[in-house]
>>> print(open('work_38.txt').read())   # compact mmCIF, C-alpha atoms
# COMPACT_ATOMS: atom_id res chain seq x y z
CA MET Y 205 73.99 106.35 101.65
CA ARG Y 206 73.18 109.61 99.99
CA SER Y 207 73.96 110.30 96.36
CA ALA Y 208 75.18 113.70 95.29
CA ALA Y 209 73.23 116.08 93.13
CA ARG Y 210 76.31 117.66 91.61
CA PRO Y 211 79.97 117.16 92.39
CA LEU Y 212 81.76 120.20 93.72
CA LEU Y 213 85.07 119.01 92.40
CA PRO Y 214 85.55 116.71 89.44
CA PRO Y 215 87.92 113.74 89.85
CA LEU Y 216 90.78 115.57 88.16
CA GLY Y 217 90.22 118.46 90.52
CA VAL Y 218 90.51 116.13 93.50
CA LEU Y 219 93.71 114.63 92.09
CA ALA Y 220 95.14 118.09 91.44
CA ALA Y 221 94.29 119.12 94.98
CA VAL Y 222 96.05 116.02 96.32
CA GLY Y 223 99.05 117.00 94.21
CA VAL Y 224 99.06 120.45 95.79
CA ALA Y 225 98.83 118.86 99.25
CA LEU Y 226 101.80 116.63 98.43
CA ALA Y 227 103.82 119.60 97.18
CA ALA Y 228 103.04 121.44 100.40
CA ARG Y 229 104.19 118.40 102.38
CA VAL Y 230 107.50 118.34 100.52
CA ALA Y 231 107.97 122.09 100.88
CA SER Y 232 107.23 122.11 104.59
CA ALA Y 233 109.61 119.19 105.22
CA GLY Y 234 112.49 121.51 104.35
CA SER Y 235 115.84 119.77 104.60
CA ALA Y 236 114.37 116.73 106.37
CA THR Y 237 113.31 113.63 104.46
CA VAL Y 238 109.58 113.91 103.77
CA ALA Y 239 108.64 110.70 105.58
CA GLU Y 240 110.54 111.85 108.67
CA SER Y 241 108.82 115.19 109.18
CA PRO Y 242 105.81 115.14 111.53
CA GLY Y 243 105.20 118.82 110.75
CA ALA Y 244 104.96 118.09 107.04
CA ALA Y 245 102.57 115.23 107.84
CA VAL Y 246 100.35 117.65 109.78
CA VAL Y 247 100.30 120.02 106.81
CA PHE Y 248 99.40 117.17 104.46
CA THR Y 249 96.67 115.89 106.77
CA ALA Y 250 95.14 119.33 107.15
CA LEU Y 251 95.05 119.82 103.39
CA LEU Y 252 93.51 116.39 102.79
CA LEU Y 253 90.84 117.16 105.36
CA GLY Y 254 90.24 120.42 103.51
CA ILE Y 255 89.77 118.53 100.23
CA ALA Y 256 87.32 116.17 101.92
CA ALA Y 257 85.47 119.12 103.45
CA ALA Y 258 85.17 120.79 100.04
CA ARG Y 259 83.21 117.78 98.85
CA TRP Y 260 81.31 117.35 102.10
CA ARG Y 261 77.89 117.97 100.62
CA SER Y 262 78.27 115.67 97.64
CA SER Y 263 80.02 112.81 99.34
CA VAL Y 264 78.84 109.74 101.17
CA ILE Y 265 81.23 110.61 103.97
CA HIS Y 266 78.61 112.18 106.14
CA ALA Y 267 75.92 109.67 105.31
CA SER Y 268 74.09 108.87 108.47
CA LYS Y 269 73.98 105.21 109.29
CA ARG Y 270 72.32 103.26 111.97
CA THR Y 271 74.49 102.25 114.85
CA ARG Y 272 74.30 98.62 113.81
CA ALA Y 273 75.57 99.36 110.32
CA ALA Y 274 78.33 101.55 111.70
CA ARG Y 275 79.42 98.74 114.01
CA ARG Y 276 79.44 96.39 111.06
CA ASP Y 277 81.65 98.78 109.08
CA ILE Y 278 84.07 99.07 112.00
CA ALA Y 279 84.20 95.29 112.30
CA ILE Y 280 84.88 94.96 108.56
CA GLY Y 281 87.60 97.59 108.89
CA VAL Y 282 89.27 95.89 111.85
CA ALA Y 283 89.24 92.57 110.01
CA GLY Y 284 90.62 94.23 106.88
CA GLY Y 285 93.42 95.85 108.87
CA VAL Y 286 94.30 92.63 110.64
CA VAL Y 287 94.66 90.89 107.28
CA LEU Y 288 97.24 93.50 106.24
CA VAL Y 289 99.16 93.12 109.51
CA VAL Y 290 99.13 89.34 109.11
CA LEU Y 291 100.51 89.80 105.60
CA VAL Y 292 103.50 91.69 107.03
CA LEU Y 293 103.86 89.07 109.78
CA LEU Y 294 103.91 86.19 107.32
CA LEU Y 295 106.16 87.96 104.81
CA PRO Y 296 108.48 90.13 106.88
CA GLY Y 297 111.18 90.41 104.19
CA PRO Y 298 114.90 90.40 104.93
CA PRO Y 299 116.12 91.23 108.44
CA LEU Y 300 116.84 94.79 107.46
CA HIS Y 301 115.98 97.56 109.87
CA ALA Y 302 115.35 100.72 107.92
CA TRP Y 303 112.41 102.07 109.87
CA SER Y 304 112.36 103.08 113.48
CA ARG Y 305 109.50 102.45 115.83
CA PRO Y 306 108.34 105.41 117.89
CA SER Y 307 109.78 105.63 121.37
CA ALA Y 308 107.50 104.88 124.31
CA ALA Y 309 107.24 108.59 125.07
CA ALA Y 310 106.22 109.39 121.49
CA ALA Y 311 103.85 106.46 121.05
CA VAL Y 312 100.63 108.33 121.87
CA PRO Y 313 101.15 111.44 119.71
CA TRP Y 314 102.61 109.25 116.98
CA THR Y 315 99.55 106.98 117.03
CA LEU Y 316 97.20 109.97 116.94
CA LEU Y 317 99.07 111.44 113.99
CA VAL Y 318 99.10 108.14 112.10
CA VAL Y 319 95.38 107.62 112.68
CA CYS Y 320 94.70 111.18 111.49
CA ILE Y 321 96.79 110.68 108.34
CA ALA Y 322 95.13 107.34 107.59
CA THR Y 323 91.66 108.79 108.12
CA ALA Y 324 92.37 111.86 106.00
CA GLU Y 325 93.75 109.73 103.18
CA GLU Y 326 90.73 107.47 103.23
CA LEU Y 327 88.34 110.43 103.28
CA VAL Y 328 89.99 111.57 100.06
CA PHE Y 329 91.02 108.40 98.19
CA ARG Y 330 88.15 106.11 99.21
CA GLY Y 331 85.79 109.01 99.90
CA VAL Y 332 85.58 112.05 97.66
CA LEU Y 333 87.79 110.72 94.85
CA PHE Y 334 86.00 107.36 94.87
CA ASP Y 335 82.60 109.04 94.69
CA ALA Y 336 83.64 111.37 91.88
CA VAL Y 337 85.16 108.60 89.76
CA ALA Y 338 82.41 106.08 90.54
CA ARG Y 339 79.82 108.42 89.07
CA ALA Y 340 81.74 108.48 85.82
CA GLY Y 341 83.13 104.95 85.56
CA GLY Y 342 81.68 102.70 88.23
CA ALA Y 343 82.86 101.51 91.63
CA GLY Y 344 85.52 99.09 90.36
CA PHE Y 345 87.15 101.79 88.27
CA ALA Y 346 86.95 104.15 91.21
CA ALA Y 347 88.74 101.62 93.42
CA LEU Y 348 91.49 101.31 90.79
CA VAL Y 349 91.94 105.07 90.38
CA GLY Y 350 91.99 105.56 94.14
CA ALA Y 351 94.58 102.80 94.53
CA LEU Y 352 96.77 104.29 91.79
CA ALA Y 353 96.63 107.74 93.36
CA PHE Y 354 97.33 106.24 96.79
CA ALA Y 355 100.35 104.32 95.43
CA VAL Y 356 101.81 107.29 93.56
CA GLU Y 357 101.42 109.48 96.63
CA HIS Y 358 103.56 107.06 98.64
CA VAL Y 359 106.34 107.00 96.05
CA LEU Y 360 107.30 110.41 97.36
CA LEU Y 361 107.69 108.98 100.84
CA TYR Y 362 109.21 105.57 100.28
CA GLY Y 363 110.44 105.44 96.69
CA TRP Y 364 109.29 103.50 93.65
CA ARG Y 365 109.96 100.16 95.33
CA ALA Y 366 106.94 100.70 97.53
CA LEU Y 367 104.58 101.29 94.60
CA PRO Y 368 103.39 97.68 93.97
CA LEU Y 369 102.75 97.11 97.66
CA ASP Y 370 100.82 100.35 98.06
CA LEU Y 371 98.88 99.70 94.86
CA GLY Y 372 97.81 96.32 96.22
CA VAL Y 373 96.91 97.75 99.61
CA GLY Y 374 95.03 100.57 97.90
CA LEU Y 375 92.95 98.04 95.97
CA TRP Y 376 92.29 96.13 99.18
CA LEU Y 377 91.07 99.31 100.85
CA GLY Y 378 89.01 100.19 97.75
CA GLY Y 379 87.39 96.77 97.94
CA LEU Y 380 86.51 97.43 101.57
CA ARG Y 381 84.94 100.71 100.45
CA MET Y 382 82.85 98.86 97.85
CA LEU Y 383 81.91 96.12 100.29
CA SER Y 384 80.84 98.43 103.10
CA GLY Y 385 79.49 101.35 101.09
CA GLY Y 386 81.35 103.97 103.12
CA VAL Y 387 84.76 105.19 104.22
CA THR Y 388 84.58 103.91 107.80
CA ALA Y 389 85.76 100.39 106.96
CA PRO Y 390 88.79 101.41 104.85
CA ALA Y 391 89.70 104.15 107.34
CA VAL Y 392 89.65 101.71 110.26
CA ALA Y 393 91.55 99.10 108.22
CA HIS Y 394 94.17 101.65 107.21
CA ALA Y 395 94.69 102.84 110.78
CA VAL Y 396 94.83 99.29 112.16
CA ALA Y 397 97.36 98.28 109.48
CA ASP Y 398 99.63 101.26 110.06
CA CYS Y 399 99.58 101.08 113.83
CA GLY Y 400 99.70 97.30 113.91
CA ALA Y 401 102.61 97.02 111.51
CA TRP Y 402 104.65 99.55 113.50
CA LEU Y 403 103.70 98.93 117.09
CA VAL Y 404 103.10 95.19 117.15
CA LEU Y 405 105.79 93.88 114.81
CA MET H 161 73.96 95.63 98.52
CA ASN H 162 73.26 93.17 95.77
CA ARG H 163 75.23 90.03 95.07
CA THR H 164 77.00 91.47 92.00
CA THR H 165 78.33 94.47 93.91
CA ARG H 166 79.54 92.24 96.72
CA PHE H 167 81.21 89.90 94.23
CA ARG H 168 83.00 92.80 92.53
CA ALA H 169 84.15 94.15 95.88
CA VAL H 170 85.58 90.80 96.89
CA MET H 171 87.31 90.46 93.51
CA VAL H 172 88.95 93.90 93.93
CA MET H 173 90.06 92.96 97.44
CA LEU H 174 91.52 89.64 96.29
CA LEU H 175 93.34 91.36 93.43
CA GLY H 176 94.78 93.87 95.88
CA LEU H 177 95.82 91.18 98.33
CA ALA H 178 97.47 89.16 95.56
CA LEU H 179 99.38 92.23 94.38
CA ALA H 180 100.48 93.16 97.89
CA THR H 181 101.56 89.57 98.58
CA GLY H 182 103.49 89.41 95.33
CA ALA H 183 105.15 92.72 96.13
CA ARG H 184 106.25 91.46 99.54
CA ILE H 185 107.62 88.25 98.03
CA ALA H 186 109.26 89.66 94.92
CA ALA H 187 110.80 92.87 96.16
CA PRO H 188 110.84 92.95 99.91
CA LEU H 189 114.16 94.81 100.16
CA GLY H 190 113.39 98.43 100.74
CA ALA H 191 109.67 97.99 100.94
CA PRO H 192 108.49 99.73 104.08
CA PRO H 193 106.93 97.57 106.77
CA LEU H 194 103.88 99.80 106.70
CA TYR H 195 101.64 101.51 104.23
CA ASP H 196 101.67 105.03 105.60
CA SER H 197 103.19 106.66 108.61
CA VAL H 198 105.78 109.05 109.88
CA ALA H 199 109.20 107.57 110.45
CA ILE H 200 111.09 109.43 113.14
CA PRO H 201 114.67 108.14 113.26
CA SER H 202 116.85 108.79 116.27
CA PRO H 203 119.37 111.60 115.83
CA TYR H 204 122.56 110.57 114.07
CA ILE H 205 125.42 109.74 116.41
CA TYR H 206 128.80 110.88 115.16
CA LEU H 207 132.24 109.51 115.89
CA HIS H 208 133.54 113.07 115.69
CA PRO H 209 130.55 115.25 116.58
CA SER H 210 130.39 118.96 115.92
CA PRO H 211 128.83 121.24 118.55
CA GLY H 212 125.17 120.32 118.98
CA GLU H 213 125.60 116.83 117.57
CA GLN H 214 125.55 113.59 119.54
CA GLY H 215 128.69 111.53 119.89
CA ASN H 216 129.94 108.12 120.96
CA PRO H 217 128.43 105.75 118.37
CA VAL H 218 128.25 102.09 119.28
CA SER H 219 129.84 99.10 117.59
CA ALA H 220 128.22 95.75 116.93
CA SER H 221 129.94 92.42 117.29
CA GLN H 222 128.68 88.87 117.35
CA LYS H 223 130.31 85.45 117.44
CA PHE H 224 128.82 82.85 115.11
CA PRO H 225 129.73 79.19 115.70
CA VAL H 226 130.66 77.10 112.69
CA ILE H 227 127.58 74.93 112.33
CA ALA H 228 128.32 73.20 109.05
CA PRO H 229 131.56 72.42 107.28
CA GLN H 230 133.10 75.87 106.86
CA ASP H 231 129.82 77.74 107.26
CA VAL H 232 128.21 79.77 110.03
CA GLY H 233 124.76 80.16 108.48
CA PRO H 234 123.05 83.45 107.66
CA ILE H 235 124.28 86.58 109.43
CA SER H 236 122.30 89.68 110.27
CA LEU H 237 124.08 92.26 112.40
CA GLY H 238 123.41 95.91 113.09
CA THR H 239 124.37 98.68 115.46
CA ASP H 240 121.96 99.59 118.25
CA GLU H 241 120.51 102.88 117.03
CA ALA H 242 116.89 103.07 115.85
CA PRO H 243 117.12 102.37 113.01
CA PRO H 244 120.71 101.08 113.00
CA GLN H 245 123.36 103.33 111.48
CA ALA H 246 125.17 100.31 110.01
CA GLN H 247 123.99 96.81 109.20
CA LEU H 248 125.45 93.75 107.51
CA LEU H 249 123.49 90.92 105.91
CA ILE H 250 125.27 87.78 104.75
CA ALA H 251 123.54 84.75 103.29
CA ALA H 252 124.43 81.26 104.47
CA GLY H 253 127.42 79.77 102.72
CA SER H 254 128.89 83.15 101.75
CA LEU H 255 131.88 83.35 104.10
CA ASP H 256 135.20 81.82 103.15
CA VAL H 257 135.70 80.14 106.52
CA PRO H 258 139.11 78.43 106.85
CA SER H 259 139.00 74.76 107.76
CA GLY H 260 139.44 74.11 111.46
CA ALA H 261 137.78 77.35 112.54
CA GLN H 262 135.30 76.90 115.38
CA SER H 263 133.65 80.29 115.19
CA VAL H 264 133.63 83.55 113.29
CA THR H 265 133.24 86.94 114.94
CA VAL H 266 131.69 89.62 112.77
CA THR H 267 132.21 93.24 113.77
CA ILE H 268 130.84 96.59 112.65
CA ALA H 269 132.68 99.50 114.21
CA PRO H 270 132.86 103.23 113.55
CA ALA H 271 136.31 104.15 112.26
CA ASN H 272 138.28 107.30 111.69
CA PRO H 273 137.93 108.54 108.13
CA PRO H 274 141.01 107.73 106.07
CA GLY H 275 143.33 110.52 105.01
CA VAL H 276 142.22 110.14 101.41
CA PRO H 277 138.81 111.78 100.91
CA PRO H 278 136.42 110.38 98.31
CA SER H 279 136.56 112.17 94.99
CA SER H 280 132.84 112.00 94.27
CA GLY H 281 131.56 113.95 97.27
CA ILE H 282 131.83 114.23 101.00
CA ILE H 283 131.36 111.55 103.62
CA GLY H 284 127.96 111.77 105.28
CA GLY H 285 128.00 110.44 108.83
CA ASN H 286 130.58 107.96 110.04
CA VAL H 287 132.94 105.59 108.29
CA TYR H 288 132.17 102.03 109.44
CA ARG H 289 134.62 99.16 109.41
CA PHE H 290 133.11 95.76 108.60
CA ALA H 291 135.27 92.76 109.46
CA ALA H 292 135.11 89.04 110.19
CA VAL H 293 137.75 86.94 111.95
CA THR H 294 137.95 83.34 113.12
CA ASN H 295 138.37 82.33 116.76
CA THR H 296 142.13 82.26 116.09
CA GLY H 297 142.15 85.75 114.64
CA VAL H 298 142.42 84.83 110.97
CA PRO H 299 140.56 87.31 108.74
CA VAL H 300 137.58 85.83 106.94
CA GLY H 301 136.52 87.07 103.53
CA LEU H 302 133.61 86.45 101.24
CA LEU H 303 133.46 83.71 98.66
CA SER H 304 133.42 84.89 95.06
CA ASP H 305 129.88 85.43 93.73
CA HIS H 306 128.59 85.55 97.30
CA PRO H 307 128.33 89.25 98.08
CA ALA H 308 127.30 90.62 101.44
CA THR H 309 124.85 93.47 101.82
CA VAL H 310 126.00 96.60 103.62
CA VAL H 311 123.31 98.96 104.89
CA LEU H 312 124.23 102.46 106.05
CA ARG H 313 122.02 105.19 107.50
CA GLY H 314 123.17 108.77 107.06
CA PRO H 315 122.36 111.85 109.09
CA ASN H 316 118.72 112.95 109.00
CA GLY H 317 117.86 114.49 105.64
CA THR H 318 120.33 112.47 103.58
CA ALA H 319 118.37 112.36 100.37
CA GLU H 320 121.12 111.32 98.00
CA ALA H 321 124.22 109.23 98.66
CA THR H 322 126.31 106.35 97.38
CA VAL H 323 127.83 103.60 99.47
CA GLU H 324 131.59 103.66 98.91
CA ARG H 325 134.30 101.26 100.08
CA PHE H 326 137.84 102.31 100.96
CA ASP H 327 140.42 99.70 99.96
CA GLY H 328 143.40 101.30 101.64
CA THR H 329 144.34 103.65 98.86
CA SER H 330 141.15 104.88 97.19
CA TRP H 331 137.37 104.88 97.43
CA THR H 332 135.20 102.70 95.20
CA SER H 333 131.56 103.49 94.51
CA LEU H 334 129.18 100.56 94.89
CA THR H 335 125.83 100.13 93.17
CA THR H 336 123.56 101.70 95.76
CA ILE H 337 119.85 101.33 96.40
CA PRO H 338 118.13 103.92 98.57
CA ILE H 339 115.68 102.48 101.05
CA GLY H 340 113.08 105.17 100.94
CA GLY H 341 112.25 107.38 103.83
CA ALA H 342 114.84 107.01 106.48
CA ASP H 343 118.19 108.18 105.05
CA THR H 344 119.20 104.58 104.51
CA PHE H 345 121.13 103.12 101.60
CA THR H 346 122.20 99.61 100.77
CA ALA H 347 124.83 98.07 98.51
CA ASN H 348 126.32 94.67 97.86
CA THR H 349 130.02 94.15 98.40
CA THR H 350 132.40 91.34 97.63
CA ARG H 351 134.92 92.48 100.24
CA PHE H 352 134.89 93.74 103.80
CA GLY H 353 136.63 96.96 104.75
CA ASP H 354 135.74 100.57 105.47
CA PHE H 355 132.43 101.84 104.13
CA ALA H 356 130.73 105.22 104.16
CA LEU H 357 127.94 107.14 102.54
CA VAL H 358 129.30 109.67 100.07
CA GLY H 359 127.18 112.39 98.59
CA PRO H 360 126.69 116.09 98.04
CA PRO H 361 126.94 118.44 101.01
CA PRO H 362 123.73 118.54 103.06
CA PRO H 363 121.44 121.50 102.40
CA PRO H 364 121.35 124.29 104.94
CA ALA H 365 119.06 123.56 107.85
CA THR H 366 116.94 126.66 107.35
CA ASN H 367 113.38 126.06 106.22
CA ARG H 368 111.35 128.87 104.71
CA PHE H 369 108.18 126.88 105.30
CA ALA H 370 108.72 126.08 108.96
CA TRP H 371 105.59 128.06 109.81
CA LEU H 372 103.36 125.83 107.67
CA PRO H 373 102.89 122.99 110.19
CA TRP H 374 101.83 125.47 112.87
CA VAL H 375 99.30 127.10 110.58
CA ALA H 376 98.03 123.70 109.45
CA GLY H 377 97.77 122.45 113.03
CA ALA H 378 95.85 125.58 114.01
CA LEU H 379 93.54 125.10 111.02
CA VAL H 380 92.87 121.51 112.01
CA LEU H 381 92.02 122.56 115.56
CA VAL H 382 89.79 125.43 114.43
CA SER H 383 88.07 123.17 111.88
CA ALA H 384 87.49 120.47 114.48
CA ALA H 385 86.05 123.01 116.90
CA ALA H 386 83.83 124.50 114.19
CA ALA H 387 82.62 121.05 113.15
CA ALA H 388 81.83 120.18 116.77
CA LEU H 389 79.91 123.42 117.24
CA PHE H 390 78.07 122.89 113.96
CA LEU H 391 77.07 119.34 114.89
CA ALA H 392 75.97 120.46 118.35
CA ALA H 393 73.87 123.25 116.86
CA ALA H 394 72.35 120.89 114.30
CA ARG H 395 71.47 118.39 117.02
CA ARG H 396 69.82 121.14 119.13
CA HIS H 397 67.93 122.29 116.06
CA ARG H 398 66.60 118.77 115.43
CA HIS H 399 65.39 118.46 118.98
>>> encode(input="work_38.txt", output="structure tokens")
Amino acid sequence: MRSAARPLLPPLGVLAAVGVALAARVASAGSATVAESPGAAVVFTALLLGIAAARWRSSVIHASKRTRAARRDIAIGVAGGVVLVVLVLLLPGPPLHAWSRPSAAAAVPWTLLVVCIATAEELVFRGVLFDAVARAGGAGFAALVGALAFAVEHVLLYGWRALPLDLGVGLWLGGLRMLSGGVTAPAVAHAVADCGAWLVL
Amino acid sequence: MNRTTRFRAVMVMLLGLALATGARIAAPLGAPPLYDSVAIPSPYIYLHPSPGEQGNPVSASQKFPVIAPQDVGPISLGTDEAPPQAQLLIAAGSLDVPSGAQSVTVTIAPANPPGVPPSSGIIGGNVYRFAAVTNTGVPVGLLSDHPATVVLRGPNGTAEATVERFDGTSWTSLTTIPIGGADTFTANTTRFGDFALVGPPPPPATNRFAWLPWVAGALVLVSAAAAALFLAAARRHRH
């Protein structure tokens, strides 16, 4: 892992940039509901990747790791994602169908888009934002701030009722970031959870 | 990584898992079955479609045998769209099943809108008729203090709506909870009947920012290509 000499964007700058990305997502959704617009999701993903790129030099994102360590991070991520899927399996909630699964024809592009969104979010929330906050307040505080930002971001998509769940999941992903020392594990866990919860259940 | 860091990481993970578990247990209604994604509902199917809209919505009907004295157990029924345009959830022991009934058939069917329009807005999507009858055709109602949950999905982009029930002469607004993301709203009712989503007129379909996704997609592709070239050049330089 490589530590930064000087952050390019302070934590508040990262949060403000995420806010701009969210506003762009809402604007580009037009008359459609935000969570239903793949185009708006592409805009959001592109902007998040831009935020991550702006902090490329000062982040641990590009830290080179040995293959063995990378495999370990992927394994941690898969395990972390499976835990989240199992959570949904064990506690499915009422038999209420409010979310549609992608059709067979749309499964591949949908999966690619979901993986891109999950990766971009992790690069920002458990990557650049985590690094920036951790320098000021420590890793635990960084995990909390990242989880809060992650939860608030999803309020726009799913309403306030989703906030506690997303806060908890954000902390889980932040813990994976602390445990593994990089964004690979939370990114893999996030992608596995999203795809698993939608495609398997 | 030292032991303290690992301990703190595990503590943060356990705290997150406890919170997520509590959230699933305490408030599962409306919580999405995922943490981030893009929900793409099927196009709305209208009973009376306008040009360019899909028509011929389906009904849902299921017969439930009486399994306990005057009870058919919990009921969960929905139409076949993805996600369903209309759903009904009834807890066990909520139906007022007449003695002697052998089964109860619960039906959700699209219905013509009544002649009386709602005063609080316009109907979004179809009116759905929710009904329950015994095997002998006797209507079955709900016991007092045992409400059923009606779930209605509106046309894509329905951001704001209230579930209303038509009692034959007028519309009654029900306390409505939006289920974020997919144009879906839920309300409890103490009576069956005709239900619909009522809200403000939908916004015009034009989108001034329709070009944004294309620009963003192009940027992603260009960035990915540039990153690949950069990495390739860096690798050549190292060698």
>>> residues_around(input="work_38.txt", residues="Arg381 in chain Y", least_positions_apart="2", cutoff="9 Å", atoms="all atoms listed in the file", output="list in words")
Arg330, Gly331, Phe334, Ala347, Trp376, Leu377, Gly378, Gly379, Leu383, Ser384, Gly385, Gly386, Val387, Thr388, Ala389 and Pro390 of chain Y; Ala169 of chain H
>>> atom_distance(input="work_38.txt", atom1="CA of Ala251 in chain H", atom2="CA of Ser304 in chain H")
12.9 Å
>>> closest_residue(input="work_38.txt", among="H:Asn216, H:Thr344, H:Gln222, H:Thr294", to="chain Y", atoms="only C-alpha atoms")
H:Thr344
>>> closest_residue(input="work_38.txt", among="H:Thr335, H:Thr322, H:Thr309, H:Thr296", to="Gln262 in chain H", atoms="all atoms listed in the file")
H:Thr296
>>> atom_distance(input="work_38.txt", atom1="CA of Ala221 in chain Y", atom2="CA of Gly254 in chain Y")
9.5 Å
>>> atom_distance(input="work_38.txt", atom1="CA of Gly301 in chain H", atom2="CA of Val276 in chain H")
23.9 Å
>>> residues_around(input="work_38.txt", residues="Pro258 in chain H", least_positions_apart="4", cutoff="12 Å", atoms="only C-alpha atoms", output="list in words")
Val226, Pro229, Gln230, Asp231, Val232, Gln262, Ser263, Val264, Ala292, Val293, Thr294, Asn295, Thr296, Gly297, Val298, Pro299, Val300, Gly301, Leu302 and Leu303 of chain H
>>> closest_residue(input="work_38.txt", among="H:Arg289, H:His306, H:Arg163, H:Arg351", to="chain Y", atoms="all atoms listed in the file")
H:Arg163
>>> residues_around(input="work_38.txt", residues="Tyr206 in chain H", least_positions_apart="3", cutoff="9 Å", atoms="all atoms listed in the file", output="list in words")
Pro209, Ser210, Glu213, Gln214, Gly215, Asn216, Pro217, Pro270, Gly285, Asn286 and Pro315 of chain H
>>> residues_around(input="work_38.txt", residues="range 284-299 of chain Y", least_positions_apart="4", cutoff="8 Å", atoms="only C-alpha atoms", output="PyMOL selection string")
(chain Y and resi 280+373+377+380+389-390+392-397+400-401+405) or (chain H and resi 181+184-185+188-189+193+236+249)
>>> closest_residue(input="work_38.txt", among="Y:Ala353, Y:Leu216, Y:Leu348, Y:Leu375", to="chain H", atoms="only C-alpha atoms")
Y:Leu375
>>> residues_around(input="work_38.txt", residues="Ser330 in chain H", least_positions_apart="5", cutoff="9 Å", atoms="all atoms listed in the file", output="PyMOL selection string")
chain H and resi 276-279+325
>>> closest_residue(input="work_38.txt", among="Y:Ile278, Y:Leu360, Y:Ala366, Y:Val230", to="chain H", atoms="only C-alpha atoms")
Y:Ala366
>>> closest_residue(input="work_38.txt", among="Y:Arg276, Y:Arg229, Y:His358, Y:Arg339", to="Phe248 in chain Y", atoms="all atoms listed in the file")
Y:Arg229
